Amino acid sequence: MKKRIIIGWTIFALVGGAALVLLPGGAAAQYTPWLYWTLLPKEHMDEIVGEASGETALDTIIDINGYNRDRLSEEYAGPFVETQVVLKRLKQYGIQAELVKFPGGEIWDGVKGELWEMKPKHQKLASMHDMVPMLASGSQPTDVTAELAWVGRGTPAEIDAAKVEGKIVVTEGSIGQVHNYACQQKGALGVIAISQSRPYLDPLQMPWASVGGMRGQRGGPGGPGGAPGGARGQQPPTQPATPPAAPAPAPKPKFGFQLPVREGDFLKQRLMANEKITVHAIVDSKQEKYNNEDIVAVIPGTDPAAGEIIFSAHLFEGITKFGANDNTSGSAAILEVARVLNTLIGEGRLPKPKRSIRFLWGPEIGGTGMWIKANKPVMDKTLANINMDMVGEWLSKNQGFMCLMRTTFGNAHFINDVMENYYRYVGEGNRERIQNRSDAYKVPLRVVAPFGADEPFWYSIETHYGASDHEDFNDWGVRVPGIMMIVWPDRWYHTSGDLPDKSDPTQLKRVVAIGAAGAYTVANADDNMAVKIAGEIASNAARRLGHSLVVGLEALNRATDKTLLDAYKEARGYIEGGILTEKDTLDTVLQLAADKAAVGAYVAQLKKSVDAVGAAHLGTLQAHMEVTAKRLGTKPVKIELTELEKKAAKIVPRTTAKVMAEGYQGYRKYLDAVSTDEKAKYPYAAELFTANELQLLVNGKHSVLEIKSLLDAQSQRKSTVQAILNYLTILKLAGLVEY
């Protein structure tokens, strides 16, 4: 029998006479301002922090992306300027590197874009030679003189009322949407858009925009890496519907120009005053063939069989779009990590690590995925991925946070807590604290670049977010746990304002130190380090489960007499899902252990402590439910499994060898082979949080009912048991899952 004694925030789980202590991680520094610890010894951490140079990383950003430029025609034959700079610096640092090319395709490239007012004035309105984003990607060759038509926000009604045929429309709306309707359907010749890219912040910035035909280019604003949501290019098949008819040929794109808000407002006011304005638009563009270029470098470990850690950063934000922070900063940062670790290891200032540390630069998502697909043996021995995307932003200018985007529960892994350890170390050591104003608690760790900002390190540990290269590693066919380091929000995201003046050497130095320390911790980990990491996970688990408890309590607080049972189920699901993922995370520490029996015994004890914390929280929920029932004037509820839930509790799905046999995305062909008629029998999309995550949660350990808890604990959108079973049935029909 176990006895649990709860004293404040400290939980003692008495197991077989031994007391296991679980303290909340992360929050501890708030109460012990004199103590800042890292997994690495202080002397190793001091070497890493001291060697890291934010100025060197910023120099790389400036060399690659000092301004918004037009890619020259000869670059498309390769190598691109970005590739040349990184390869040159790796050679300078004495790090061997390989350039790997994969098939690309064709992409639009602007050659000339001029927009002149002819009447009643003669003046230049826009030119891509002044600012490249002034010419929208996809614009087709033209030489036309026409009258302007003001269409406001560019709604269909406004466009219809303006009688735009044969005219060039001017809008404050979306250039792509207005082009699609005004030019493709109503006979307009082109579009001039007054930028709506956060004009309240910067009236001069313009988004990188498209009027179609922009193959290989990323999407518009929405979140880190493009539209909000998971990884692009690897979503499972959507719910089957009636097969679509053969698409009609798409109308040929015409052209689009952009004006910054400050300048565009003058044109807007004139048009709204009914002034007749005639302009001359000249556009020259062409399609360029290109290859995808990936750069790979390795700092070899002493034991090739021990595994690897891989840094990734996309060097190319599309092919024709550029951005200093998105993502030249991530590419510059992992380049500086490579220099720092290679220098420290080569000079004997850090011991040679057991495991190799690999660095990968390439085109976002697609180029990274191609390399992963071609290197399955490397993936099979890779422990974790650290992806840097938009990491160089000056935090106070951007009013942003340095975020750590964790893995999902389906790829639970110790890499999350390793990275959090160093985020906390830098963050708590470089922040404004009242205590630090006294002699007793001075700032213990000042990580500031000589020419960088001297300000706090504002950071945030976040739940999973995709839409970057780490999702290629998290792919079901790869299953390498990948985290993302990213600054968000970014006030100049995907705009002409994403320039090096928004970057900060101090921020880059801190990011490099965190990344280098995290990777080296894993690369050189022995059994003692495995034990330390396990303790860090268990400590943080208490805090995370505490958060799950308060979320569950709030679900009960919002309940009515009619929804109390559902709220109680929801509240318990948060904690039950949390318990499962914390224990899964602890299990991954054994990847680092040589003496798996000894480390495994310690991990088993910590898992019992997690169970104890979870049991205490479930008891609290029970008590809170009873108090809530009394407040609502109803009886306490009792959870009784339905017949479907009882069935789900007995099914433990596991993956077949087909899932990972062909590596990245290889499983998709088996899903595609299941007929549309068969898929239609098992609807799931409307009632399933995400099929991607469900796939990852199939690990042969958790029942379908437990998988529901793991899904629900991560999302406001709740999944149904039937939807989970339906999608698992499709996976079973594809030969990817068995029970």
# chains A, B, ... in the order shown; residues from 1 in each chain; ligands from 1

$ residues_around --residues "segment 448-461 of chain A" --least-positions-apart "6" --cutoff "7 Å" --atoms "only C-alpha atoms" --output "list in words"
Gly54, Phe401, Met402, Cys403, Leu404, Met405, Gly427, Asn430, Arg431, Glu432, Asp504, Pro505, Thr506 and Lys509 of chain A

$ write_last_selection --atoms "C-alpha atoms" --output "compact mmCIF listing (two decimals), in the first residue's frame"
# COMPACT_ATOMS: atom_id res chain seq x y z
CA GLY A 54 26.31 37.10 -31.49
CA PHE A 401 9.34 36.04 -26.64
CA MET A 402 12.04 33.49 -27.30
CA CYS A 403 9.78 30.44 -27.47
CA LEU A 404 10.56 26.77 -27.08
CA MET A 405 7.99 24.77 -29.04
CA GLY A 427 16.23 33.59 -18.72
CA ASN A 430 19.20 37.75 -17.27
CA ARG A 431 16.03 39.33 -16.01
CA GLU A 432 14.90 42.25 -13.92
CA ASP A 504 20.24 41.63 -31.98
CA PRO A 505 23.72 40.20 -31.28
CA THR A 506 22.78 39.56 -27.64
CA LYS A 509 24.58 34.91 -28.52

$ residues_around --residues "Lys532 of chain A" --least-positions-apart "2" --cutoff "12 Å" --atoms "only C-alpha atoms" --output "number ranges by chain"
A: 37-41, 414, 417-418, 421, 521-522, 525-530, 534-539, 586, 589, 592-593, 599, 602-603, 606

$ closest_atom_pairs --of "segment 299-414 of chain A" --to "segment 86-95 of chain A" --cutoff "8 Å" --atoms "only C-alpha atoms" --output "tab-separated table"
residue	atom	partner	partner_atom	distance
A:Ile299	CA	A:Ile95	CA	7.7
A:Leu335	CA	A:Val86	CA	7.5
A:Arg339	CA	A:Tyr93	CA	6.2
A:Asn342	CA	A:Ile95	CA	7.5

$ atom_distance --atom1 "atom CA of Ala648 of chain A" --atom2 "atom CA of Ser703 of chain A"
6.7 Å

$ select_by_dssp --residues "segment 297-419 of chain A" --states "helix (DSSP H, G or I)" --output "PyMOL selection string"
chain A and resi 304-306+324-346+366-374+376-380+395-398+409-411+415-419

$ write_last_selection --atoms "N, CA and C atoms" --output "compact mmCIF listing (two decimals), in the first residue's frame"
# COMPACT_ATOMS: atom_id res chain seq x y z
N PRO A 304 30.44 6.04 -33.31
CA PRO A 304 29.50 6.22 -34.43
C PRO A 304 28.17 5.51 -34.22
N ALA A 305 28.17 4.47 -33.40
CA ALA A 305 26.93 3.71 -33.18
C ALA A 305 26.05 4.31 -32.09
N ALA A 306 26.55 5.35 -31.42
CA ALA A 306 25.83 5.88 -30.26
C ALA A 306 24.69 6.82 -30.64
N ALA A 324 15.81 38.48 -43.16
CA ALA A 324 16.98 38.44 -42.29
C ALA A 324 16.73 37.54 -41.09
N ASN A 325 15.57 37.69 -40.48
CA ASN A 325 15.26 36.85 -39.33
C ASN A 325 14.55 35.57 -39.72
N ASP A 326 13.74 35.65 -40.76
CA ASP A 326 13.02 34.47 -41.24
C ASP A 326 13.55 34.07 -42.61
N ASN A 327 14.53 33.13 -42.70
CA ASN A 327 15.15 32.51 -41.56
C ASN A 327 16.67 32.50 -41.70
N THR A 328 17.22 33.61 -42.18
CA THR A 328 18.67 33.68 -42.20
C THR A 328 19.21 33.64 -40.77
N SER A 329 18.46 34.17 -39.81
CA SER A 329 18.94 34.17 -38.42
C SER A 329 19.09 32.75 -37.88
N GLY A 330 18.13 31.87 -38.17
CA GLY A 330 18.26 30.49 -37.71
C GLY A 330 19.44 29.79 -38.35
N SER A 331 19.65 30.06 -39.65
CA SER A 331 20.77 29.46 -40.36
C SER A 331 22.10 29.98 -39.83
N ALA A 332 22.16 31.29 -39.54
CA ALA A 332 23.39 31.86 -38.97
C ALA A 332 23.64 31.34 -37.57
N ALA A 333 22.57 31.13 -36.82
CA ALA A 333 22.72 30.67 -35.44
C ALA A 333 23.27 29.24 -35.38
N ILE A 334 22.74 28.32 -36.21
CA ILE A 334 23.28 26.95 -36.13
C ILE A 334 24.69 26.90 -36.72
N LEU A 335 25.01 27.82 -37.64
CA LEU A 335 26.38 27.91 -38.13
C LEU A 335 27.32 28.32 -37.00
N GLU A 336 26.87 29.26 -36.17
CA GLU A 336 27.69 29.68 -35.03
C GLU A 336 27.76 28.59 -33.97
N VAL A 337 26.69 27.83 -33.78
CA VAL A 337 26.75 26.67 -32.88
C VAL A 337 27.82 25.70 -33.35
N ALA A 338 27.85 25.45 -34.66
CA ALA A 338 28.85 24.55 -35.22
C ALA A 338 30.26 25.07 -34.94
N ARG A 339 30.47 26.37 -35.14
CA ARG A 339 31.80 26.94 -34.88
C ARG A 339 32.18 26.83 -33.41
N VAL A 340 31.24 27.16 -32.53
CA VAL A 340 31.51 27.13 -31.09
C VAL A 340 31.89 25.73 -30.63
N LEU A 341 31.07 24.73 -30.98
CA LEU A 341 31.34 23.37 -30.52
C LEU A 341 32.61 22.80 -31.16
N ASN A 342 32.80 23.08 -32.45
CA ASN A 342 34.00 22.57 -33.11
C ASN A 342 35.26 23.17 -32.48
N THR A 343 35.20 24.46 -32.14
CA THR A 343 36.35 25.13 -31.51
C THR A 343 36.61 24.56 -30.13
N LEU A 344 35.59 24.47 -29.31
CA LEU A 344 35.76 24.01 -27.93
C LEU A 344 36.23 22.56 -27.86
N ILE A 345 35.67 21.73 -28.72
CA ILE A 345 36.06 20.30 -28.73
C ILE A 345 37.46 20.16 -29.32
N GLY A 346 37.74 20.88 -30.41
CA GLY A 346 39.04 20.79 -31.05
C GLY A 346 40.17 21.27 -30.17
N GLY A 366 10.38 21.23 -47.76
CA GLY A 366 10.62 20.36 -48.90
C GLY A 366 12.05 19.90 -49.01
N GLY A 367 13.00 20.85 -48.95
CA GLY A 367 14.40 20.48 -49.06
C GLY A 367 14.88 19.67 -47.89
N THR A 368 14.41 20.01 -46.69
CA THR A 368 14.76 19.23 -45.50
C THR A 368 14.20 17.83 -45.61
N GLY A 369 12.95 17.73 -46.04
CA GLY A 369 12.32 16.42 -46.18
C GLY A 369 13.03 15.55 -47.20
N MET A 370 13.51 16.14 -48.30
CA MET A 370 14.23 15.36 -49.31
C MET A 370 15.50 14.75 -48.73
N TRP A 371 16.22 15.54 -47.93
CA TRP A 371 17.45 15.01 -47.34
C TRP A 371 17.13 13.90 -46.34
N ILE A 372 16.12 14.11 -45.53
CA ILE A 372 15.72 13.10 -44.55
C ILE A 372 15.31 11.80 -45.26
N LYS A 373 14.55 11.95 -46.34
CA LYS A 373 14.11 10.78 -47.10
C LYS A 373 15.30 10.00 -47.65
N ALA A 374 16.34 10.73 -48.08
CA ALA A 374 17.50 10.09 -48.70
C ALA A 374 18.50 9.54 -47.68
N LYS A 376 17.80 7.65 -44.56
CA LYS A 376 17.10 6.89 -43.54
C LYS A 376 18.03 6.26 -42.50
N PRO A 377 19.20 5.68 -42.89
CA PRO A 377 20.09 5.11 -41.87
C PRO A 377 20.52 6.13 -40.81
N VAL A 378 20.71 7.39 -41.23
CA VAL A 378 21.05 8.43 -40.26
C VAL A 378 19.86 8.69 -39.34
N MET A 379 18.68 8.76 -39.92
CA MET A 379 17.48 9.01 -39.12
C MET A 379 17.25 7.90 -38.09
N ASP A 380 17.54 6.68 -38.48
CA ASP A 380 17.29 5.55 -37.58
C ASP A 380 18.12 5.61 -36.31
N LEU A 395 14.36 41.29 -29.10
CA LEU A 395 13.11 40.98 -28.42
C LEU A 395 12.29 42.21 -28.08
N SER A 396 12.93 43.26 -27.56
CA SER A 396 12.15 44.43 -27.17
C SER A 396 11.60 45.16 -28.39
N LYS A 397 12.33 45.18 -29.50
CA LYS A 397 11.81 45.81 -30.72
C LYS A 397 10.60 45.04 -31.24
N ASN A 398 10.68 43.73 -31.19
CA ASN A 398 9.59 42.89 -31.72
C ASN A 398 8.47 42.70 -30.72
N PHE A 409 2.67 15.07 -27.48
CA PHE A 409 2.68 13.89 -26.61
C PHE A 409 3.04 12.63 -27.40
N GLY A 410 2.70 12.63 -28.69
CA GLY A 410 3.00 11.46 -29.51
C GLY A 410 4.48 11.26 -29.75
N ASN A 411 5.28 12.30 -29.57
CA ASN A 411 6.73 12.19 -29.67
C ASN A 411 7.37 12.67 -28.38
N ILE A 415 14.31 15.65 -24.82
CA ILE A 415 14.90 16.85 -25.41
C ILE A 415 14.15 18.10 -24.96
N ASN A 416 12.85 17.98 -24.69
CA ASN A 416 12.07 19.13 -24.23
C ASN A 416 12.63 19.69 -22.93
N ASP A 417 12.88 18.82 -21.96
CA ASP A 417 13.33 19.26 -20.65
C ASP A 417 14.80 19.65 -20.65
N VAL A 418 15.59 19.03 -21.52
CA VAL A 418 16.99 19.45 -21.66
C VAL A 418 17.04 20.89 -22.14
N MET A 419 16.27 21.22 -23.18
CA MET A 419 16.28 22.57 -23.71
C MET A 419 15.68 23.57 -22.72

$ closest_residue --among "A:Tyr425, A:Phe473, A:Trp208, A:Trp361" --to "Lys101 of chain A" --atoms "only C-alpha atoms"
A:Trp361

$ closest_residue --among "A:Val132, A:Pro363, A:Thr302, A:Tyr76" --to "Val100 of chain A" --atoms "only C-alpha atoms"
A:Pro363

$ atom_distance --atom1 "atom CA of Ala523 of chain A" --atom2 "atom CA of Lys352 of chain A"
9.1 Å

$ atom_distance --atom1 "atom CA of Gln140 of chain A" --atom2 "atom CA of Ser285 of chain A"
6.1 Å

$ residues_around --residues "Lys647 of chain A" --least-positions-apart "5" --cutoff "10 Å" --atoms "only C-alpha atoms" --output "list in words"
Leu641, Thr642, Ser703, Val704, Leu705 and Val721 of chain A

$ write_last_selection --atoms "N, CA and C atoms" --output "PDB file, in the first residue's frame"
ATOM      1  N   LEU A 641     -18.060   3.797 -17.816  1.00  0.00           N
ATOM      2  CA  LEU A 641     -17.697   3.630 -19.213  1.00  0.00           C
ATOM      3  C   LEU A 641     -18.875   3.102 -20.023  1.00  0.00           C
ATOM      4  N   THR A 642     -19.031   3.659 -21.215  1.00  0.00           N
ATOM      5  CA  THR A 642     -20.019   3.133 -22.147  1.00  0.00           C
ATOM      6  C   THR A 642     -19.479   1.831 -22.739  1.00  0.00           C
ATOM      7  N   SER A 703      -3.895   2.185 -24.739  1.00  0.00           N
ATOM      8  CA  SER A 703      -5.173   1.760 -25.297  1.00  0.00           C
ATOM      9  C   SER A 703      -5.808   2.917 -26.048  1.00  0.00           C
ATOM     10  N   VAL A 704      -6.830   2.608 -26.815  1.00  0.00           N
ATOM     11  CA  VAL A 704      -7.545   3.646 -27.559  1.00  0.00           C
ATOM     12  C   VAL A 704      -8.144   4.664 -26.596  1.00  0.00           C
ATOM     13  N   LEU A 705      -8.630   4.208 -25.446  1.00  0.00           N
ATOM     14  CA  LEU A 705      -9.207   5.133 -24.470  1.00  0.00           C
ATOM     15  C   LEU A 705      -8.127   6.050 -23.896  1.00  0.00           C
ATOM     16  N   VAL A 721     -14.323   8.843 -29.260  1.00  0.00           N
ATOM     17  CA  VAL A 721     -13.794   7.484 -29.341  1.00  0.00           C
ATOM     18  C   VAL A 721     -14.076   6.885 -30.710  1.00  0.00           C
TER      19      VAL A 721
END

$ residues_around --residues "His624 of chain A" --least-positions-apart "6" --cutoff "9 Å" --atoms "only C-alpha atoms" --output "VMD selection string"
chain A and resid 553 556 to 557

$ residues_around --residues "segment 650-659 of chain A" --least-positions-apart "4" --cutoff "8 Å" --atoms "only C-alpha atoms" --output "PyMOL selection string"
chain A and resi 476-477+646+663+666-667+698-704+735-739
